[in-house]
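The structure appears below as structure tokens.
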Amino acid sequence: LAKYCVHEEQKEKLISLSETTGSALYNDYILRERRSWGDVLYDFDGIQLTLQSLFELIPAIRPRHFSIASASSKSDMELCVAVIEGKTPLGRSYQGLCSSYLASLEKGAVVRFWFQPGSFQLPMQIVDDSFEVPILYIGAGTGIAPLRGLILERESKRMNHSNGKQVRPGEVDSVLIFGCRKSDQDFLYKNEWEGLSERGYLEVFTAFSRDQWHKIYVQQVMGQNQEMITNHILHRGGMVFIAGGAKMAQAVKNELLEILTPLVGGEKQSKLLLKKMQKESRLVIEAWS
């Protein structure tokens with residue numbers, strides 16, 4: 001942009017922003033304040049670009065990936081999208097590009113999209129009204145989206161297996177550990193989980209990080225339920241599906257290591273076990289930053 005700037009002082013600042021020695025300036029001006037190309041062009045009004053130069057400089061908008069939050073056997077498709085909006089440290093308002101666009105759509109609007117295969121392989125074998133392989137689902141925030149789709153797909157299968165009759169499995173074959181900030185604002189699909197729990201299809205553990213003075217996250221809830229987790233993995237041969245932010249996913253994996261280490265002969269053995277589970281698709285992680 002500097003070479004298109006006719007204002008000498010603005011040109012020098014643009015050069016400073018692009019140099020490695022100016023990384024702190026770039027961090028403060030661009031990253032912390034979440035400035036877009038449009039913001040920069042507005043602030044540096046000495047930049048004179050032709051339309052062709054503008055298209056050559058500005059990269060194409062990157063596609064946004066969302067997990068499907070509904071059962072794959074259903075004709076309707078649902079998404080669970082958090083609308084990004086807030087204020088920067090200096091009070092500038094910002095919005096997420098794609099999430100704000102989706103939130104603004106009216107009923108009947110056309111949206112172009114495509115499918116990509118997911119990471120989760122869902123075991124569907126049923127024995128005596130229970131799934132042969134139990135699953136522990138761990139997710140936070142909109143990370144619940146793919147997990148909800150998987151849970152609903154298995155429940156659809158169970159209903160078909162029982163010819164539409166509600167049956168109570170001998171042992172709970174699905175466990176959900178869900179985390180969000182506030183139970184009265186962010187507990188996504190609360191009524192669904194409560195309904196499945198009442199019928200004995202799902203056991204639910206929650207971590208509401210901002211409902212008390214000390215923060216509680218999903219990994220702390222895991223630590224409080226070590227016996228359930230070790231029984232699920234070591235004795236029942238269960239699967240573990242994790243979805244959410246990259247930091248959360250790593251914290252959950254670290255907690256799994258800590259829980260399993262004293263029971264399998266040390267940290268090395270617990271790491272080998274998790275590696276084996278990942279290779280066998282018994283431990284699957286979908287995480288994003």
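Chain lettering (A, B, ...) mirrors the order of the structure tokens, residue numbering begins at 1 for each chain separately, and ligand numbering begins at 1 in order of display.
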Run DSSP on the backbone and grab whatever in stretch 83-258 of chain A lands in strand (DSSP E); send it over as a PyMOL selection string. chain A and resi 85-87+93-95+126-127+130-131+135-140+174-180+203-208+239-245
Residues as selected, N, CA and C atoms, written as a short mmCIF file (atom, residue, chain, number, x, y, z; two decimals), in the first residue's frame, can you do that?
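Once everything was written out, this is result-v3.cif:
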data_model
loop_
_atom_site.label_atom_id
_atom_site.label_comp_id
_atom_site.auth_asym_id
_atom_site.auth_seq_id
_atom_site.Cartn_x
_atom_site.Cartn_y
_atom_site.Cartn_z
N GLU A 85 -19.46 -10.12 17.62
CA GLU A 85 -19.54 -8.66 17.72
C GLU A 85 -18.98 -8.24 19.06
N GLY A 86 -18.42 -7.04 19.10
CA GLY A 86 -17.83 -6.55 20.34
C GLY A 86 -17.15 -5.22 20.14
N LYS A 87 -16.36 -4.84 21.13
CA LYS A 87 -15.61 -3.59 21.07
C LYS A 87 -14.14 -3.86 21.33
N SER A 93 -16.21 -0.57 17.50
CA SER A 93 -17.11 -1.71 17.33
C SER A 93 -16.64 -2.58 16.17
N TYR A 94 -16.81 -3.87 16.30
CA TYR A 94 -16.47 -4.78 15.19
C TYR A 94 -17.50 -5.90 15.13
N GLN A 95 -17.64 -6.50 13.97
CA GLN A 95 -18.57 -7.60 13.74
C GLN A 95 -17.88 -8.68 12.92
N ILE A 126 -26.72 -51.60 17.67
CA ILE A 126 -27.56 -51.61 18.86
C ILE A 126 -27.74 -53.04 19.35
N VAL A 127 -27.57 -53.23 20.66
CA VAL A 127 -27.79 -54.52 21.30
C VAL A 127 -28.72 -54.29 22.49
N SER A 130 -29.56 -50.71 23.55
CA SER A 130 -28.41 -49.84 23.86
C SER A 130 -27.39 -49.93 22.73
N PHE A 131 -26.70 -48.83 22.50
CA PHE A 131 -25.63 -48.87 21.50
C PHE A 131 -24.46 -49.67 22.04
N ILE A 135 -20.36 -43.47 23.82
CA ILE A 135 -19.59 -42.30 23.39
C ILE A 135 -19.63 -41.23 24.47
N LEU A 136 -18.47 -40.67 24.75
CA LEU A 136 -18.34 -39.50 25.62
C LEU A 136 -18.11 -38.29 24.72
N TYR A 137 -19.05 -37.35 24.75
CA TYR A 137 -18.95 -36.13 23.95
C TYR A 137 -18.49 -34.99 24.86
N ILE A 138 -17.48 -34.23 24.41
CA ILE A 138 -16.98 -33.10 25.19
C ILE A 138 -16.91 -31.89 24.28
N GLY A 139 -17.63 -30.83 24.62
CA GLY A 139 -17.64 -29.65 23.77
C GLY A 139 -17.94 -28.39 24.56
N ALA A 140 -17.58 -27.26 23.99
CA ALA A 140 -17.84 -25.97 24.62
C ALA A 140 -18.35 -24.99 23.58
N SER A 174 -24.52 -42.70 26.12
CA SER A 174 -24.05 -41.40 25.63
C SER A 174 -23.90 -40.45 26.81
N VAL A 175 -22.71 -39.84 26.91
CA VAL A 175 -22.44 -38.89 27.99
C VAL A 175 -21.95 -37.59 27.36
N LEU A 176 -22.51 -36.47 27.79
CA LEU A 176 -22.13 -35.17 27.27
C LEU A 176 -21.56 -34.31 28.39
N ILE A 177 -20.36 -33.77 28.16
CA ILE A 177 -19.79 -32.74 29.04
C ILE A 177 -19.76 -31.46 28.23
N PHE A 178 -20.57 -30.49 28.64
CA PHE A 178 -20.73 -29.25 27.87
C PHE A 178 -20.34 -28.05 28.71
N GLY A 179 -19.62 -27.12 28.09
CA GLY A 179 -19.22 -25.91 28.79
C GLY A 179 -19.63 -24.65 28.04
N CYS A 180 -19.99 -23.63 28.80
CA CYS A 180 -20.29 -22.31 28.24
C CYS A 180 -20.10 -21.29 29.35
N GLU A 203 -26.46 -38.82 29.61
CA GLU A 203 -26.06 -38.27 30.90
C GLU A 203 -25.30 -36.97 30.62
N VAL A 204 -25.68 -35.90 31.32
CA VAL A 204 -25.14 -34.58 31.02
C VAL A 204 -24.40 -34.00 32.22
N PHE A 205 -23.19 -33.50 31.95
CA PHE A 205 -22.41 -32.76 32.94
C PHE A 205 -22.12 -31.38 32.34
N THR A 206 -22.20 -30.34 33.17
CA THR A 206 -22.05 -28.98 32.65
C THR A 206 -20.96 -28.21 33.38
N ALA A 207 -20.38 -27.25 32.65
CA ALA A 207 -19.38 -26.34 33.21
C ALA A 207 -19.74 -24.93 32.77
N PHE A 208 -20.31 -24.15 33.69
CA PHE A 208 -20.68 -22.77 33.39
C PHE A 208 -19.60 -21.86 33.99
N MET A 239 -15.80 -44.50 23.08
CA MET A 239 -15.16 -43.50 22.23
C MET A 239 -15.25 -42.14 22.89
N VAL A 240 -14.35 -41.22 22.51
CA VAL A 240 -14.35 -39.86 23.04
C VAL A 240 -14.31 -38.89 21.85
N PHE A 241 -15.35 -38.06 21.75
CA PHE A 241 -15.43 -37.06 20.69
C PHE A 241 -15.31 -35.67 21.32
N ILE A 242 -14.37 -34.86 20.83
CA ILE A 242 -14.11 -33.53 21.37
C ILE A 242 -14.29 -32.50 20.26
N ALA A 243 -15.02 -31.42 20.55
CA ALA A 243 -15.22 -30.37 19.55
C ALA A 243 -15.25 -29.01 20.23
N GLY A 244 -14.57 -28.04 19.62
CA GLY A 244 -14.54 -26.69 20.17
C GLY A 244 -13.25 -25.99 19.82
N GLY A 245 -12.93 -24.96 20.58
CA GLY A 245 -11.71 -24.20 20.36
C GLY A 245 -10.46 -25.02 20.60
#
Might you pull out every residue within 9 Å of stretch 114-123 of chain A, with only C-alpha atoms counted and same-chain residues fewer than 5 positions away left off, and present them as an mmCIF file with N, CA and C atoms, in the first residue's frame?
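Here's the written file selection03.cif:
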data_model
loop_
_atom_site.group_PDB
_atom_site.id
_atom_site.type_symbol
_atom_site.label_atom_id
_atom_site.label_comp_id
_atom_site.auth_asym_id
_atom_site.auth_seq_id
_atom_site.Cartn_x
_atom_site.Cartn_y
_atom_site.Cartn_z
ATOM 1 N N HIS A 65 -15.935 -22.353 7.767
ATOM 2 C CA HIS A 65 -16.365 -23.746 7.920
ATOM 3 C C HIS A 65 -17.244 -23.870 9.165
ATOM 4 N N SER A 67 -19.793 -26.678 11.348
ATOM 5 C CA SER A 67 -20.225 -28.063 11.503
ATOM 6 C C SER A 67 -21.750 -28.125 11.471
ATOM 7 N N PHE A 131 -26.698 -48.833 22.497
ATOM 8 C CA PHE A 131 -25.630 -48.871 21.500
ATOM 9 C C PHE A 131 -24.457 -49.668 22.043
ATOM 10 N N GLU A 132 -23.902 -50.503 21.170
ATOM 11 C CA GLU A 132 -22.814 -51.391 21.590
ATOM 12 C C GLU A 132 -21.593 -50.599 22.058
ATOM 13 N N VAL A 133 -21.311 -49.476 21.381
ATOM 14 C CA VAL A 133 -20.156 -48.650 21.737
ATOM 15 C C VAL A 133 -20.656 -47.342 22.353
ATOM 16 N N PRO A 134 -20.358 -47.086 23.625
ATOM 17 C CA PRO A 134 -20.751 -45.815 24.237
ATOM 18 C C PRO A 134 -19.848 -44.678 23.772
ATOM 19 N N ILE A 135 -20.365 -43.469 23.824
ATOM 20 C CA ILE A 135 -19.592 -42.303 23.389
ATOM 21 C C ILE A 135 -19.630 -41.227 24.470
ATOM 22 N N PRO A 146 -21.377 -30.139 16.028
ATOM 23 C CA PRO A 146 -21.236 -31.483 15.472
ATOM 24 C C PRO A 146 -21.648 -32.565 16.453
ATOM 25 N N LEU A 150 -24.393 -35.704 15.971
ATOM 26 C CA LEU A 150 -24.078 -37.111 16.224
ATOM 27 C C LEU A 150 -25.054 -37.728 17.221
ATOM 28 N N GLU A 153 -28.421 -38.213 15.587
ATOM 29 C CA GLU A 153 -28.394 -39.295 14.599
ATOM 30 C C GLU A 153 -28.531 -40.654 15.284
ATOM 31 N N ARG A 154 -27.829 -40.816 16.395
ATOM 32 C CA ARG A 154 -27.934 -42.101 17.117
ATOM 33 C C ARG A 154 -29.331 -42.264 17.723
ATOM 34 N N PHE A 241 -15.350 -38.057 21.745
ATOM 35 C CA PHE A 241 -15.425 -37.060 20.689
ATOM 36 C C PHE A 241 -15.315 -35.674 21.318
ATOM 37 N N SER A 281 -9.681 -44.208 15.716
ATOM 38 C CA SER A 281 -10.833 -43.305 15.673
ATOM 39 C C SER A 281 -11.731 -43.447 16.901
ATOM 40 N N ARG A 282 -11.159 -43.903 18.008
ATOM 41 C CA ARG A 282 -11.887 -43.930 19.282
ATOM 42 C C ARG A 282 -11.758 -42.594 20.001
ATOM 43 N N VAL A 284 -11.445 -38.703 18.803
ATOM 44 C CA VAL A 284 -11.502 -37.833 17.637
ATOM 45 C C VAL A 284 -11.678 -36.390 18.112
ATOM 46 N N ILE A 285 -10.871 -35.490 17.534
ATOM 47 C CA ILE A 285 -10.900 -34.086 17.942
ATOM 48 C C ILE A 285 -11.145 -33.208 16.725
ATOM 49 N N GLU A 286 -12.149 -32.358 16.802
ATOM 50 C CA GLU A 286 -12.370 -31.315 15.805
ATOM 51 C C GLU A 286 -12.206 -29.982 16.517
#
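Remark: for A:Ile84, the closest of the candidate residues A:Asn254, A:Thr142, A:Gln48, A:Gln278 is A:Thr142 (distances computed over only C-alpha atoms).
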What parts of stretch 102-286 of chain A does DSSP call alpha helix (DSSP H)? I'd like the answer as an NGL selection string. :A and (102-104 or 144-161 or 183-186 or 190-198 or 218-224 or 226-230 or 246-264 or 267-279)
If we count only C-alpha atoms, what is near A:Ala145 at a cut-off of 8 Å, once residues fewer than 5 positions away on the same chain are taken out, given as a VMD selection string? chain A and resid 67 to 70 79 to 80
For A:Val40: contacts at 12 Å, only C-alpha atoms, fewer than 3 positions along chain excluded, given as a list in words: Leu1, Ala2, Cys5, Gln10, Lys13, Leu14, Leu17, Tyr26, Tyr29, Ile30, Glu33, Arg34, Arg35, Ser36, Trp37, Asp43, Phe44, Asp45, Gly46, Ile47 and Ile58 of chain A
In Å, how far is it from atom CA of A:Gln125 to atom CA of A:Leu234? 19.7 Å
Can you pull out every residue within 10 Å of A:Arg64, counting only C-alpha atoms, but drop anything in the same chain fewer than 6 positions away, and send it as a ChimeraX atom specification? /A:97-99,113
Using all heavy atoms, can you write the selected residues to a file as a PDB file, in the first residue's frame?
ATOM      1  N   LEU A  97     -17.600 -11.106   9.903  1.00  0.00           N
ATOM      2  CA  LEU A  97     -18.062 -10.921   8.526  1.00  0.00           C
ATOM      3  C   LEU A  97     -19.137 -11.932   8.151  1.00  0.00           C
ATOM      4  O   LEU A  97     -20.244 -11.581   7.744  1.00  0.00           O
ATOM      5  CB  LEU A  97     -16.870 -11.023   7.565  1.00  0.00           C
ATOM      6  CG  LEU A  97     -17.173 -10.781   6.092  1.00  0.00           C
ATOM      7  CD1 LEU A  97     -17.659  -9.363   5.875  1.00  0.00           C
ATOM      8  CD2 LEU A  97     -15.930 -11.038   5.245  1.00  0.00           C
ATOM      9  N   CYS A  98     -18.825 -13.215   8.305  1.00  0.00           N
ATOM     10  CA  CYS A  98     -19.762 -14.250   7.858  1.00  0.00           C
ATOM     11  C   CYS A  98     -20.922 -14.430   8.838  1.00  0.00           C
ATOM     12  O   CYS A  98     -22.069 -14.580   8.428  1.00  0.00           O
ATOM     13  CB  CYS A  98     -19.026 -15.576   7.675  1.00  0.00           C
ATOM     14  SG  CYS A  98     -20.036 -16.871   6.939  1.00  0.00           S
ATOM     15  N   SER A  99     -20.630 -14.401  10.143  1.00  0.00           N
ATOM     16  CA  SER A  99     -21.705 -14.616  11.118  1.00  0.00           C
ATOM     17  C   SER A  99     -22.737 -13.500  11.052  1.00  0.00           C
ATOM     18  O   SER A  99     -23.946 -13.740  11.158  1.00  0.00           O
ATOM     19  CB  SER A  99     -21.125 -14.742  12.529  1.00  0.00           C
ATOM     20  OG  SER A  99     -20.468 -13.552  12.935  1.00  0.00           O
ATOM     21  N   PHE A 113     -23.139 -22.947  -0.517  1.00  0.00           N
ATOM     22  CA  PHE A 113     -22.278 -23.680   0.406  1.00  0.00           C
ATOM     23  C   PHE A 113     -21.891 -25.014  -0.228  1.00  0.00           C
ATOM     24  O   PHE A 113     -22.421 -25.413  -1.258  1.00  0.00           O
ATOM     25  CB  PHE A 113     -22.991 -23.922   1.744  1.00  0.00           C
ATOM     26  CG  PHE A 113     -24.224 -24.793   1.648  1.00  0.00           C
ATOM     27  CD1 PHE A 113     -24.141 -26.163   1.807  1.00  0.00           C
ATOM     28  CD2 PHE A 113     -25.469 -24.221   1.381  1.00  0.00           C
ATOM     29  CE1 PHE A 113     -25.264 -26.956   1.718  1.00  0.00           C
ATOM     30  CE2 PHE A 113     -26.601 -25.008   1.275  1.00  0.00           C
ATOM     31  CZ  PHE A 113     -26.498 -26.381   1.455  1.00  0.00           C
TER      32      PHE A 113
END
If you measure from atom CA of A:Lys253 to atom CA of A:Trp193, what distance in Å do you get, rounded to one decimal? 23.9 Å
Smallest atom-to-atom distance to A:Leu283: which of A:Glu267, A:Gly238, A:Arg32, A:Thr261, using only C-alpha atoms?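 With only C-alpha atoms as the atom set, the closest residue is A:Gly238.
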Using only C-alpha atoms: which of A:His232, A:Arg112, A:Arg158, A:Leu152 has the shortest distance to A:Asp129: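 Ranking A:His232, A:Arg112, A:Arg158, A:Leu152 by distance to A:Asp129, first place goes to A:Arg158.
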Interatomic distance (Å, one decimal) between atom CA of A:Thr50 and atom CA of A:Glu8: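 Going from atom CA of A:Thr50 over to atom CA of A:Glu8 covers 19.2 Å.
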Of the candidates A:Arg236, A:Leu57, A:Ala246, A:Ile259, which one gets nearest to A:Gln220 if we count only C-alpha atoms?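 For A:Gln220, the nearest of the given residues is A:Ile259.
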Neighbour list for A:Gly195 as a ChimeraX atom specification, cut-off 12 Å, only C-alpha atoms, skip fewer than 5 positions in-chain: /A:155,166,189-190,200-204
How would the residues just picked look written out with N, CA, C and O atoms as an mmCIF file, in the first residue's frame?
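New file result.cif:
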data_model
loop_
_atom_site.group_PDB
_atom_site.id
_atom_site.type_symbol
_atom_site.label_atom_id
_atom_site.label_comp_id
_atom_site.auth_asym_id
_atom_site.auth_seq_id
_atom_site.Cartn_x
_atom_site.Cartn_y
_atom_site.Cartn_z
ATOM 1 N N GLU A 155 -29.915 -41.189 18.220
ATOM 2 C CA GLU A 155 -31.254 -41.307 18.796
ATOM 3 C C GLU A 155 -32.295 -41.603 17.725
ATOM 4 O O GLU A 155 -33.272 -42.311 17.975
ATOM 5 N N GLN A 166 -40.550 -45.544 22.867
ATOM 6 C CA GLN A 166 -39.502 -45.032 23.749
ATOM 7 C C GLN A 166 -39.047 -46.154 24.668
ATOM 8 O O GLN A 166 -39.844 -46.739 25.397
ATOM 9 N N TYR A 189 -29.256 -25.714 23.389
ATOM 10 C CA TYR A 189 -30.054 -26.943 23.290
ATOM 11 C C TYR A 189 -30.354 -27.559 24.656
ATOM 12 O O TYR A 189 -30.507 -28.777 24.791
ATOM 13 N N LYS A 190 -30.459 -26.727 25.665
ATOM 14 C CA LYS A 190 -30.698 -27.194 27.033
ATOM 15 C C LYS A 190 -31.909 -28.122 27.121
ATOM 16 O O LYS A 190 -31.839 -29.191 27.738
ATOM 17 N N GLY A 200 -33.312 -41.369 29.878
ATOM 18 C CA GLY A 200 -32.227 -42.314 30.128
ATOM 19 C C GLY A 200 -31.296 -42.523 28.954
ATOM 20 O O GLY A 200 -30.502 -43.461 28.957
ATOM 21 N N TYR A 201 -31.375 -41.645 27.932
ATOM 22 C CA TYR A 201 -30.540 -41.808 26.747
ATOM 23 C C TYR A 201 -29.211 -41.068 26.848
ATOM 24 O O TYR A 201 -28.279 -41.374 26.109
ATOM 25 N N LEU A 202 -29.155 -40.078 27.728
ATOM 26 C CA LEU A 202 -27.988 -39.201 27.769
ATOM 27 C C LEU A 202 -27.727 -38.763 29.207
ATOM 28 O O LEU A 202 -28.655 -38.382 29.924
ATOM 29 N N GLU A 203 -26.461 -38.819 29.610
ATOM 30 C CA GLU A 203 -26.056 -38.269 30.903
ATOM 31 C C GLU A 203 -25.305 -36.971 30.625
ATOM 32 O O GLU A 203 -24.414 -36.940 29.781
ATOM 33 N N VAL A 204 -25.683 -35.904 31.317
ATOM 34 C CA VAL A 204 -25.144 -34.577 31.021
ATOM 35 C C VAL A 204 -24.401 -34.001 32.222
ATOM 36 O O VAL A 204 -24.906 -34.020 33.352
#
